[in-house]
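J.: I am sharing entry26.csv, which consists of CSV, C-alpha atoms:
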```csv
chain,number,residue,atom,x,y,z
A,1,MET,CA,3.4,18.4,6.4
A,2,ILE,CA,1.0,15.4,6.2
A,3,ILE,CA,2.0,12.9,3.5
A,4,THR,CA,-1.0,11.0,2.0
A,5,GLU,CA,0.7,8.8,-0.5
A,6,HIS,CA,4.0,7.1,-1.5
A,7,ALA,CA,5.0,5.5,-4.8
A,8,GLY,CA,7.9,3.2,-5.2
A,9,PRO,CA,9.3,0.5,-7.4
A,10,TYR,CA,7.2,-2.2,-5.5
A,11,GLY,CA,3.9,-0.3,-5.4
A,12,THR,CA,1.9,2.5,-3.9
A,13,ALA,CA,0.6,3.4,-0.5
A,14,HIS,CA,-2.3,5.8,0.2
A,15,ARG,CA,-3.3,7.1,3.6
A,16,VAL,CA,-6.9,6.4,4.6
A,17,PRO,CA,-8.8,9.5,5.7
A,18,GLU,CA,-9.1,9.7,9.5
A,19,SER,CA,-12.9,9.7,9.5
A,20,ASN,CA,-12.9,6.2,7.9
A,21,TYR,CA,-10.8,4.4,10.4
A,22,ARG,CA,-12.1,6.4,13.4
A,23,ALA,CA,-15.6,5.2,12.5
A,24,VAL,CA,-14.5,1.6,12.9
A,25,THR,CA,-12.4,2.0,16.1
A,26,PRO,CA,-11.8,5.0,18.3
A,27,ALA,CA,-8.3,3.6,19.0
A,28,GLY,CA,-7.3,4.1,15.4
A,29,LEU,CA,-4.5,6.6,14.8
A,30,ASP,CA,-3.4,6.0,11.2
A,31,SER,CA,-4.2,3.6,8.3
A,32,TRP,CA,-2.8,3.0,4.8
A,33,ILE,CA,-3.8,0.9,1.9
A,34,ILE,CA,-0.8,-0.5,0.1
A,35,THR,CA,-1.0,-1.8,-3.4
A,36,ALA,CA,2.0,-4.0,-4.2
A,37,PRO,CA,1.4,-6.7,-6.8
A,38,CYS,CA,4.9,-8.1,-6.7
A,39,TRP,CA,4.7,-9.5,-3.2
A,40,HIS,CA,2.1,-12.2,-3.8
A,41,PRO,CA,0.5,-13.8,-6.9
A,42,ALA,CA,-3.0,-14.1,-5.5
A,43,TRP,CA,-3.5,-10.7,-3.8
A,44,THR,CA,-2.1,-7.3,-4.3
A,45,GLN,CA,-3.3,-5.1,-1.5
A,46,TYR,CA,-2.5,-4.8,2.2
A,47,ALA,CA,-3.9,-2.7,5.1
A,48,LEU,CA,-1.4,-1.1,7.4
A,49,ALA,CA,-3.0,0.2,10.6
A,50,LEU,CA,-1.9,1.9,13.8
A,51,VAL,CA,-3.9,1.7,17.0
A,52,SER,CA,-3.4,3.2,20.4
A,53,LEU,CA,-3.2,0.7,23.3
A,54,ALA,CA,-4.3,3.4,25.8
A,55,HIS,CA,-7.4,2.9,27.8
A,56,ILE,CA,-10.4,4.4,26.0
A,57,PRO,CA,-13.7,4.6,27.8
A,58,ASP,CA,-16.4,2.1,26.6
A,59,VAL,CA,-13.7,0.2,24.7
A,60,PRO,CA,-12.4,-3.2,26.0
A,61,PRO,CA,-8.8,-2.9,27.3
A,62,ALA,CA,-6.0,-3.7,24.9
A,63,ASN,CA,-4.3,-7.1,25.1
A,64,LEU,CA,-0.7,-6.0,25.8
A,65,HIS,CA,2.1,-8.4,24.7
A,66,ARG,CA,4.4,-6.8,27.3
A,67,PRO,CA,3.7,-4.3,30.1
A,68,GLY,CA,4.1,-0.6,29.0
A,69,MET,CA,3.2,-1.0,25.3
A,70,THR,CA,1.4,2.1,24.0
A,71,HIS,CA,0.8,1.4,20.3
A,72,GLU,CA,0.4,-1.5,17.8
A,73,ILE,CA,1.0,-1.7,14.0
A,74,ASN,CA,-0.9,-4.3,12.1
A,75,LEU,CA,-0.4,-5.4,8.5
A,76,VAL,CA,-2.9,-7.7,6.9
A,77,ALA,CA,-3.5,-8.8,3.3
A,78,LEU,CA,-6.8,-7.7,1.9
A,79,ASN,CA,-9.2,-10.2,0.3
A,80,PRO,CA,-9.1,-9.6,-3.5
A,81,GLU,CA,-12.6,-10.9,-4.0
A,82,TYR,CA,-13.9,-7.6,-2.4
A,83,GLY,CA,-11.4,-5.2,-3.9
A,84,PRO,CA,-9.7,-3.3,-5.3
A,85,TYR,CA,-9.6,-1.0,-2.3
A,86,ASP,CA,-9.1,2.7,-2.7
A,87,ALA,CA,-8.0,4.6,0.4
A,88,ARG,CA,-9.4,7.8,-0.9
A,89,THR,CA,-13.0,6.5,-1.4
A,90,LEU,CA,-13.1,3.7,1.2
A,91,SER,CA,-16.3,3.4,3.2
A,92,PRO,CA,-15.8,2.7,6.9
A,93,GLY,CA,-15.9,-1.0,7.7
A,94,ARG,CA,-15.5,-2.0,4.1
A,95,LEU,CA,-12.1,-3.8,4.3
A,96,ARG,CA,-12.2,-7.6,4.2
A,97,TYR,CA,-9.0,-9.2,5.5
A,98,LEU,CA,-7.2,-12.5,4.9
A,99,LEU,CA,-6.1,-14.2,8.1
A,100,PRO,CA,-3.8,-14.7,9.8
A,101,VAL,CA,-2.5,-11.1,10.3
A,102,ASN,CA,0.8,-10.8,8.6
A,103,VAL,CA,2.4,-8.5,11.2
A,104,ALA,CA,1.2,-7.3,14.6
A,105,GLU,CA,3.9,-5.4,16.5
A,106,GLN,CA,3.5,-3.5,19.8
A,107,PHE,CA,5.9,-0.8,20.9
A,108,THR,CA,6.2,2.2,23.2
A,109,THR,CA,6.3,5.8,21.9
A,110,THR,CA,4.2,8.9,21.4
A,111,ASP,CA,1.1,9.1,19.1
A,112,GLU,CA,3.0,11.5,16.8
A,113,ARG,CA,6.0,9.3,16.5
A,114,ALA,CA,3.9,6.2,16.1
A,115,ARG,CA,2.2,8.0,13.1
A,116,ASP,CA,5.6,8.9,11.7
A,117,LEU,CA,6.7,5.2,12.1
A,118,THR,CA,3.6,3.9,10.3
A,119,GLN,CA,4.3,6.2,7.4
A,120,ILE,CA,7.9,5.1,7.3
A,121,CYS,CA,6.7,1.4,7.2
A,122,ALA,CA,4.3,2.2,4.4
A,123,ARG,CA,7.1,3.8,2.4
A,124,ALA,CA,9.5,0.9,3.2
A,125,VAL,CA,7.0,-1.6,1.7
A,126,VAL,CA,6.6,0.3,-1.6
A,127,ASP,CA,10.3,0.8,-1.8
A,128,GLY,CA,11.0,-2.9,-1.3
A,129,ARG,CA,12.8,-2.6,2.1
A,130,LEU,CA,10.0,-4.3,4.2
A,131,CYS,CA,8.2,-7.3,2.9
A,132,PRO,CA,4.5,-7.4,3.7
A,133,GLU,CA,4.1,-11.0,2.8
A,134,THR,CA,4.9,-13.6,5.5
A,135,ASP,CA,3.7,-16.9,3.8
A,136,ASN,CA,7.1,-18.4,3.1
A,137,ALA,CA,9.1,-17.1,6.1
A,138,ARG,CA,6.6,-15.9,8.7
A,139,ASP,CA,8.9,-15.9,11.8
A,140,ARG,CA,11.9,-14.4,9.9
A,141,ILE,CA,9.8,-11.6,8.2
A,142,ARG,CA,8.0,-10.7,11.5
A,143,ALA,CA,11.3,-10.6,13.3
A,144,TYR,CA,12.7,-8.2,10.6
A,145,TRP,CA,9.6,-5.9,11.0
A,146,ARG,CA,10.1,-6.0,14.8
A,147,GLN,CA,13.8,-5.2,14.5
A,148,THR,CA,13.2,-2.4,12.0
A,149,ILE,CA,10.6,-0.8,14.2
A,150,ARG,CA,12.9,-1.1,17.2
A,151,ASN,CA,15.8,0.4,15.3
A,152,THR,CA,13.7,3.3,14.0
A,153,LEU,CA,12.4,4.2,17.4
A,154,ASN,CA,15.9,3.8,19.0
A,155,HIS,CA,17.3,6.1,16.3
A,156,ASP,CA,14.8,8.7,17.3
A,157,ARG,CA,15.8,8.5,20.9
A,158,ASP,CA,19.5,8.5,20.2
A,159,PRO,CA,20.4,9.4,16.5
A,160,HIS,CA,24.1,9.1,17.3
A,161,HIS,CA,23.7,5.5,18.7
A,162,GLY,CA,25.6,6.3,21.8
A,163,HIS,CA,28.4,8.2,20.0
A,164,LEU,CA,28.9,11.9,20.0
A,165,THR,CA,29.5,13.6,16.7
```
Any chance you could put this one into structure tokens?

T.:
Amino acid sequence: MIITEHAGPYGTAHRVPESNYRAVTPAGLDSWIITAPCWHPAWTQYALALVSLAHIPDVPPANLHRPGMTHEINLVALNPEYGPYDARTLSPGRLRYLLPVNVAEQFTTTDERARDLTQICARAVVDGRLCPETDNARDRIRAYWRQTIRNTLNHDRDPHHGHLT
């Protein structure tokens, strides 16, 4: 079952239709618009995007942070001057970002699992378990995202964490 939205105590997340992000980049695999007013006083929306790092004909090669990386999750604040943004009616290329990017994390997994992971991250933000805002503690928050992604992928590889049940 494909989940298209999440609601939690910290906000909402809506999946962007595939045709919208594929029109911008053929490497796009998933995209969410997160509306979460509690995380920052000046902007309330974030884009969470998943891209494949695989070689795609006629697309410049990906800049891998480490050899063997297959996917990247990006989280970026959206410029409120052009919003609000609605994932369900968003036109391709309409998003306006605030820089720097809040989170950019590369990892190795399958496309299907990477989509699941992106959905889990969207849910974690609206549930208050992952902070999308990095202004006050950029390194610490990015490290927490990195560890959360690593732990989630490791759990999928070995749900018993090396212990038999």

J.: With only C-alpha atoms as the basis for distance, which of A:Arg115, A:Tyr10, A:His65, A:Ser91 is at the shortest distance from Leu130 in chain A?

T.: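 Nearest candidate to Leu130 in chain A out of A:Arg115, A:Tyr10, A:His65, A:Ser91: A:Tyr10.
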
J.: From the list A:Val16, A:Thr152, A:His40, A:Thr70, which residue is nearest Ala124 in chain A when using all atoms listed in the file?

T.: A:Thr152

J.: As a list of chain:residue names, please: the residues near Arg66 in chain A (cut-off 12 Å, all atoms listed in the file, same-chain neighbours under 5 positions excluded).

T.: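 Residues meeting the cut-off are A:Leu53, A:His71, A:Glu72, A:Glu105, A:Gln106, A:Phe107, A:Thr108.
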
J.: Could you write out that same residue set with C-alpha atoms as a compact mmCIF listing (two decimals), in the frame of the given file?

T.:
```
# COMPACT_ATOMS: atom_id res chain seq x y z
CA LEU A 53 -3.20 0.70 23.30
CA HIS A 71 0.80 1.40 20.30
CA GLU A 72 0.40 -1.50 17.80
CA GLU A 105 3.90 -5.40 16.50
CA GLN A 106 3.50 -3.50 19.80
CA PHE A 107 5.90 -0.80 20.90
CA THR A 108 6.20 2.20 23.20
```

J.: So the first atom is CA of Asp135 in chain A and the second is CA of Ile33 in chain A; what is the distance between them in Å, to one decimal place?

T.: 19.4 Å

J.: Do you know which residues are at most 12 Å from Tyr144 in chain A counting all atoms listed in the file, after dropping those on the same chain fewer than 5 positions away, and could you put them as a list in words?

T.: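 So, after excluding close chain neighbours, the residues are Val103, Glu105, Cys121, Arg129, Leu130, Cys131, Pro132, Glu133, Thr134, Ala137, Arg138, Asp139, Ile149, Arg150 and Asn151 of chain A.
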
J.: Find the residues near Val125 in chain A: any atom within 12 Å, counting all atoms listed in the file, skip ones fewer than 3 places away on the same chain, and give them as a ChimeraX atom specification.

T.: /A:6-14,32-39,45-48,75,118-122,128-133,145

J.: For CA of Val59 in chain A and CA of Val24 in chain A, determine how far apart the two atoms are, in Å to one decimal place.

T.: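 CA of Val59 in chain A sits 11.9 Å away from CA of Val24 in chain A.
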
J.: If I take CA of Tyr85 in chain A and CA of Thr25 in chain A, how far is one from the other in Å, to one decimal?

T.: 18.9 Å

J.: Considering only C-alpha atoms, return as a ChimeraX atom specification whatever protein or nucleic-acid residues lie within 10 Å of Ser52 in chain A, sequence-local ones (same chain, fewer than 2 positions apart) excluded.

T.: /A:26-30,50,54-56,62,69-73,106,110-111,114

J.: Tell me, as a list in words, which residues lie within 9 Å of Gly83 in chain A, counting all atoms listed in the file; anything in the same chain fewer than 5 positions away does not count.

T.: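 Here the answer would be Gln45, Leu78, Leu95 and Arg96 of chain A.
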
J.: May I ask which of the residues A:Arg146, A:Pro61, A:Arg88, A:Ala77 is the closest one to Asn20 in chain A, counting all atoms listed in the file?

T.: A:Arg88

J.: Using all atoms listed in the file, which of the listed residues (A:Thr89, A:Asn63, A:Asn154, A:Asn74) sits closest to Pro17 in chain A?

T.: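 Result for the nearest residue to Pro17 in chain A: A:Thr89.
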
J.: Restricting the calculation to all atoms listed in the file: of A:Glu112, A:Ile2, A:Leu64, A:Arg15, which residue gets closest to Asp86 in chain A?

T.: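 The answer is A:Arg15, which sits nearest to Asp86 in chain A.
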
J.: Out of A:Ala87, A:Val101, A:Val76, A:Ala42, which residue has the shortest atom-to-atom distance to Tyr21 in chain A when counting all atoms listed in the file?

T.: A:Ala87
